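Containing PDB, C-alpha atoms, pLDDT in the B column: final.pdb.
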```pdb
ATOM      1  CA  MET A   1      52.788 135.753  41.269  1.00 59.00           C
ATOM      2  CA  GLY A   2      55.461 136.444  43.844  1.00 74.00           C
ATOM      3  CA  LYS A   3      58.132 134.142  45.117  1.00 77.00           C
ATOM      4  CA  PHE A   4      57.297 131.421  47.600  1.00 80.00           C
ATOM      5  CA  TYR A   5      59.696 129.515  49.788  1.00 83.00           C
ATOM      6  CA  THR A   6      59.601 126.133  51.445  1.00 86.00           C
ATOM      7  CA  SER A   7      61.952 124.202  53.642  1.00 90.00           C
ATOM      8  CA  ARG A   8      63.931 121.456  51.942  1.00 91.00           C
ATOM      9  CA  GLU A   9      62.516 119.231  54.684  1.00 92.00           C
ATOM     10  CA  VAL A  10      59.326 119.030  52.617  1.00 91.00           C
ATOM     11  CA  ILE A  11      61.230 116.606  50.363  1.00 92.00           C
ATOM     12  CA  HIS A  12      61.818 114.298  53.319  1.00 93.00           C
ATOM     13  CA  GLU A  13      58.174 114.533  54.361  1.00 91.00           C
ATOM     14  CA  ILE A  14      57.044 113.647  50.839  1.00 90.00           C
ATOM     15  CA  TYR A  15      59.416 110.673  50.899  1.00 92.00           C
ATOM     16  CA  TYR A  16      58.050 109.268  54.166  1.00 92.00           C
ATOM     17  CA  VAL A  17      54.404 109.867  53.247  1.00 89.00           C
ATOM     18  CA  SER A  18      54.941 108.327  49.810  1.00 89.00           C
ATOM     19  CA  ILE A  19      56.574 105.222  51.282  1.00 91.00           C
ATOM     20  CA  GLU A  20      53.642 104.845  53.706  1.00 92.00           C
ATOM     21  CA  GLU A  21      51.294 105.136  50.706  1.00 90.00           C
ATOM     22  CA  GLY A  22      53.177 102.303  49.031  1.00 93.00           C
ATOM     23  CA  LEU A  23      54.474 104.377  46.125  1.00 91.00           C
ATOM     24  CA  LYS A  24      57.167 102.859  43.994  1.00 93.00           C
ATOM     25  CA  ILE A  25      60.437 104.745  43.589  1.00 93.00           C
ATOM     26  CA  ASP A  26      59.583 105.874  40.037  1.00 93.00           C
ATOM     27  CA  GLU A  27      56.353 107.437  41.295  1.00 91.00           C
ATOM     28  CA  LEU A  28      58.253 109.091  44.125  1.00 91.00           C
ATOM     29  CA  ILE A  29      60.777 110.558  41.698  1.00 92.00           C
ATOM     30  CA  SER A  30      57.915 111.910  39.605  1.00 90.00           C
ATOM     31  CA  ARG A  31      56.288 113.416  42.692  1.00 87.00           C
ATOM     32  CA  ILE A  32      59.505 115.161  43.743  1.00 90.00           C
ATOM     33  CA  ALA A  33      60.202 116.324  40.171  1.00 91.00           C
ATOM     34  CA  SER A  34      56.729 117.880  40.072  1.00 88.00           C
ATOM     35  CA  LEU A  35      57.570 119.835  43.189  1.00 87.00           C
ATOM     36  CA  PHE A  36      60.779 121.153  41.634  1.00 91.00           C
ATOM     37  CA  ALA A  37      58.832 122.235  38.554  1.00 90.00           C
ATOM     38  CA  ILE A  38      56.683 124.739  40.461  1.00 87.00           C
ATOM     39  CA  ARG A  39      57.556 128.222  39.242  1.00 88.00           C
ATOM     40  CA  ASN A  40      58.676 130.741  41.835  1.00 85.00           C
ATOM     41  CA  LEU A  41      59.144 128.065  44.507  1.00 85.00           C
ATOM     42  CA  ILE A  42      62.501 128.374  46.213  1.00 86.00           C
ATOM     43  CA  PHE A  43      63.812 125.768  48.641  1.00 89.00           C
ATOM     44  CA  LEU A  44      65.408 127.029  51.839  1.00 90.00           C
ATOM     45  CA  ASP A  45      68.268 124.976  53.234  1.00 91.00           C
ATOM     46  CA  THR A  46      68.462 123.947  56.842  1.00 92.00           C
ATOM     47  CA  ASN A  47      71.447 124.733  59.016  1.00 95.00           C
ATOM     48  CA  TYR A  48      72.476 123.932  62.564  1.00 96.00           C
ATOM     49  CA  GLU A  49      70.471 126.889  63.927  1.00 96.00           C
ATOM     50  CA  ILE A  50      67.273 125.611  62.318  1.00 96.00           C
ATOM     51  CA  ASP A  51      68.029 122.039  63.441  1.00 97.00           C
ATOM     52  CA  LEU A  52      68.432 123.086  67.079  1.00 98.00           C
ATOM     53  CA  LEU A  53      65.497 125.507  66.937  1.00 97.00           C
ATOM     54  CA  ALA A  54      63.235 122.805  65.480  1.00 97.00           C
ATOM     55  CA  LEU A  55      64.074 120.402  68.307  1.00 98.00           C
ATOM     56  CA  THR A  56      63.659 123.145  70.899  1.00 98.00           C
ATOM     57  CA  LEU A  57      60.246 124.060  69.459  1.00 97.00           C
ATOM     58  CA  MET A  58      59.224 120.401  69.690  1.00 97.00           C
ATOM     59  CA  ARG A  59      60.064 120.380  73.387  1.00 97.00           C
ATOM     60  CA  GLN A  60      58.762 123.831  74.248  1.00 97.00           C
ATOM     61  CA  TYR A  61      55.459 123.726  72.317  1.00 95.00           C
ATOM     62  CA  ASN A  62      54.880 119.964  72.318  1.00 94.00           C
ATOM     63  CA  LEU A  63      55.087 119.660  68.533  1.00 94.00           C
ATOM     64  CA  LYS A  64      54.726 116.005  67.567  1.00 94.00           C
ATOM     65  CA  SER A  65      55.994 116.226  63.990  1.00 93.00           C
ATOM     66  CA  ILE A  66      59.635 116.922  63.231  1.00 95.00           C
ATOM     67  CA  PHE A  67      58.448 118.330  59.909  1.00 93.00           C
ATOM     68  CA  ASP A  68      56.108 120.834  61.580  1.00 92.00           C
ATOM     69  CA  ALA A  69      59.001 121.779  63.851  1.00 94.00           C
ATOM     70  CA  TYR A  70      61.287 122.363  60.852  1.00 94.00           C
ATOM     71  CA  TYR A  71      58.649 124.476  59.093  1.00 92.00           C
ATOM     72  CA  ALA A  72      58.159 126.584  62.228  1.00 93.00           C
ATOM     73  CA  ALA A  73      61.904 126.937  62.754  1.00 94.00           C
ATOM     74  CA  THR A  74      62.425 127.912  59.125  1.00 92.00           C
ATOM     75  CA  ALA A  75      59.687 130.556  59.338  1.00 91.00           C
ATOM     76  CA  LEU A  76      61.217 131.987  62.511  1.00 93.00           C
ATOM     77  CA  ASN A  77      64.838 131.810  61.339  1.00 93.00           C
ATOM     78  CA  GLN A  78      64.797 132.530  57.608  1.00 90.00           C
ATOM     79  CA  VAL A  79      61.575 134.392  56.840  1.00 84.00           C
ATOM     80  CA  PRO A  80      61.833 138.097  57.722  1.00 83.00           C
ATOM     81  CA  ASP A  81      58.177 138.560  58.699  1.00 84.00           C
ATOM     82  CA  HIS A  82      57.813 134.977  60.067  1.00 87.00           C
ATOM     83  CA  THR A  83      54.736 134.327  57.919  1.00 84.00           C
ATOM     84  CA  ILE A  84      53.710 130.802  57.064  1.00 85.00           C
ATOM     85  CA  ILE A  85      50.942 129.661  54.724  1.00 80.00           C
ATOM     86  CA  SER A  86      49.213 126.660  56.240  1.00 79.00           C
ATOM     87  CA  THR A  87      45.817 125.523  57.419  1.00 75.00           C
ATOM     88  CA  ASP A  88      47.493 123.474  60.151  1.00 80.00           C
ATOM     89  CA  ASN A  89      46.535 125.036  63.497  1.00 83.00           C
ATOM     90  CA  ILE A  90      49.646 123.674  65.233  1.00 87.00           C
ATOM     91  CA  PHE A  91      51.505 126.840  64.231  1.00 88.00           C
ATOM     92  CA  ASP A  92      49.052 128.958  66.231  1.00 88.00           C
ATOM     93  CA  ASN A  93      50.800 127.625  69.351  1.00 89.00           C
ATOM     94  CA  VAL A  94      54.216 128.946  68.336  1.00 93.00           C
ATOM     95  CA  PRO A  95      54.694 132.615  69.257  1.00 93.00           C
ATOM     96  CA  GLY A  96      56.132 134.791  66.521  1.00 92.00           C
ATOM     97  CA  ILE A  97      54.717 132.877  63.573  1.00 90.00           C
ATOM     98  CA  LYS A  98      52.145 134.757  61.521  1.00 82.00           C
ATOM     99  CA  ASP A  99      49.523 132.797  59.657  1.00 74.00           C
ATOM    100  CA  TRP A 100      48.925 134.271  56.200  1.00 68.00           C
ATOM    101  CA  ILE A 101      45.542 132.573  55.876  1.00 59.00           C
ATOM    102  CA  GLN A 102      44.287 134.069  59.143  1.00 63.00           C
ATOM    103  CA  GLU A 103      45.661 137.479  58.169  1.00 63.00           C
ATOM    104  CA  GLN A 104      43.680 137.322  54.935  1.00 60.00           C
ATOM    105  CA  SER A 105      40.527 136.636  56.990  1.00 55.00           C
ATOM    106  CA  CYS A 106      39.400 134.037  54.514  1.00 51.00           C
ATOM    107  CA  LYS A 107      39.192 130.291  54.263  1.00 48.00           C
ATOM    108  CA  ILE A 108      41.223 128.946  51.387  1.00 45.00           C
ATOM    109  CA  PRO A 109      41.936 125.320  50.605  1.00 41.00           C
ATOM    110  CA  LYS A 110      45.122 123.688  51.748  1.00 41.00           C
ATOM    111  CA  ILE A 111      48.051 124.258  49.479  1.00 39.00           C
ATOM    112  CA  LEU A 112      48.683 120.858  48.000  1.00 33.00           C
ATOM    113  CA  VAL A 113      51.902 119.787  46.413  1.00 32.00           C
ATOM    114  CA  VAL A 114      51.665 116.447  44.625  1.00 31.00           C
ATOM    115  CA  GLY A 115      49.277 114.978  47.124  1.00 34.00           C
ATOM    116  CA  ILE A 116      50.478 116.214  50.517  1.00 38.00           C
ATOM    117  CA  GLU A 117      50.257 119.485  52.344  1.00 45.00           C
ATOM    118  CA  SER A 118      53.321 121.639  52.000  1.00 46.00           C
ATOM    119  CA  TYR A 119      54.301 124.632  54.050  1.00 47.00           C
ATOM    120  CA  LEU A 120      55.188 127.683  52.060  1.00 48.00           C
ATOM    121  CA  PHE A 121      56.603 130.946  53.234  1.00 46.00           C
ATOM    122  CA  LYS A 122      55.835 134.203  51.441  1.00 45.00           C
ATOM    123  CA  ILE A 123      58.638 136.732  51.615  1.00 42.00           C
TER
END
```
Hey, can you dump this file as structure tokens for me?
Amino acid sequence: MGKFYTSREVIHEIYYVSIEEGLKIDELISRIASLFAIRNLIFLDTNYEIDLLALTLMRQYNLKSIFDAYYAATALNQVPDHTIISTDNIFDNVPGIKDWIQEQSCKIPKILVVGIESYLFKI
């Protein structure tokens, strides 16, 4: 299996979703630890370019989720071929992002990480 990348913002998304689900802090820690235990998963840091690009993408393409905006910005800024692995169609609206699932011409299940969809980038 090759290396896969995800934005560190996925940790924040897991936090907010977990709190909405009513998870206790110990369960949240376990959920995050499980994410860190995935082999070949590398977390990409954000920087001011990604922050500004994410907000610009929200405005320009009417993205409603800051997390979707960060995933799109990360794919455009830090992934050489701009490929994202997601079944979320919101990324179809952002020019320059390639959808790995569509390129494979197959329907595969969502990539789940401890209960919520995560956005991975294959480099």
Practice problem: Using all atoms listed in the file, give me every residue within 10 Å of (60.6, 133.1, 54.5) in file coordinates, as an MDAnalysis selection string. | Solution: chainID A and resid 3:7 42:44 71 74:84 120:123
Self-check item: Straight-line distance linking atom CA of A:Leu41 with atom CA of A:Ala69, stated in Å to one decimal
Solution: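 Those two atoms sit 20.3 Å apart.
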Which residues fall under the PyMOL selection byres ((chain A and resi 46-59) around 8) in this file, as a PDB file with C-alpha atoms, in the coordinates of the input?
```
ATOM      1  CA  SER A   7      61.952 124.202  53.642  1.00 90.00           C
ATOM      2  CA  ARG A   8      63.931 121.456  51.942  1.00 91.00           C
ATOM      3  CA  GLU A   9      62.516 119.231  54.684  1.00 92.00           C
ATOM      4  CA  LEU A  44      65.408 127.029  51.839  1.00 90.00           C
ATOM      5  CA  ASP A  45      68.268 124.976  53.234  1.00 91.00           C
ATOM      6  CA  GLN A  60      58.762 123.831  74.248  1.00 97.00           C
ATOM      7  CA  TYR A  61      55.459 123.726  72.317  1.00 95.00           C
ATOM      8  CA  ASN A  62      54.880 119.964  72.318  1.00 94.00           C
ATOM      9  CA  LEU A  63      55.087 119.660  68.533  1.00 94.00           C
ATOM     10  CA  LYS A  64      54.726 116.005  67.567  1.00 94.00           C
ATOM     11  CA  SER A  65      55.994 116.226  63.990  1.00 93.00           C
ATOM     12  CA  ILE A  66      59.635 116.922  63.231  1.00 95.00           C
ATOM     13  CA  ALA A  69      59.001 121.779  63.851  1.00 94.00           C
ATOM     14  CA  TYR A  70      61.287 122.363  60.852  1.00 94.00           C
ATOM     15  CA  ALA A  72      58.159 126.584  62.228  1.00 93.00           C
ATOM     16  CA  ALA A  73      61.904 126.937  62.754  1.00 94.00           C
ATOM     17  CA  THR A  74      62.425 127.912  59.125  1.00 92.00           C
ATOM     18  CA  ASN A  77      64.838 131.810  61.339  1.00 93.00           C
ATOM     19  CA  VAL A  94      54.216 128.946  68.336  1.00 93.00           C
TER      20      VAL A  94
END
```
Quiz item: Pick the closest to A:Ile11 from A:Lys24, A:Ala33, A:Phe91, A:Gly96: which is it, counting all atoms listed in the file?
Solution: A:Ala33
Quiz item: So what do you get for atom CA of A:Glu20 versus atom CA of A:Ile38, distance-wise?
Solution: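 Result for atom CA of A:Glu20 versus atom CA of A:Ile38: 24.1 Å, one decimal.
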Extending 3 Å beyond the listed atoms of stretch 82-101 of chain A on each side, what axis-aligned box results? I want centre and edge lengths in Å to one decimal, as JSON.
```
{"center_x": 51.7, "center_y": 129.2, "center_z": 62.0, "size_x": 18.3, "size_y": 17.5, "size_z": 20.6}
```
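A straight line drawn from atom CA of A:Asp68 to atom CA of A:Tyr15 is 15.1 Å long.
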Practice problem: Using only C-alpha atoms, collect all residues at a distance of at most 12 Å from (60.4, 110.0, 50.8) as written in the file, then present them as number ranges by chain. | Solution: A: 9-32, 116
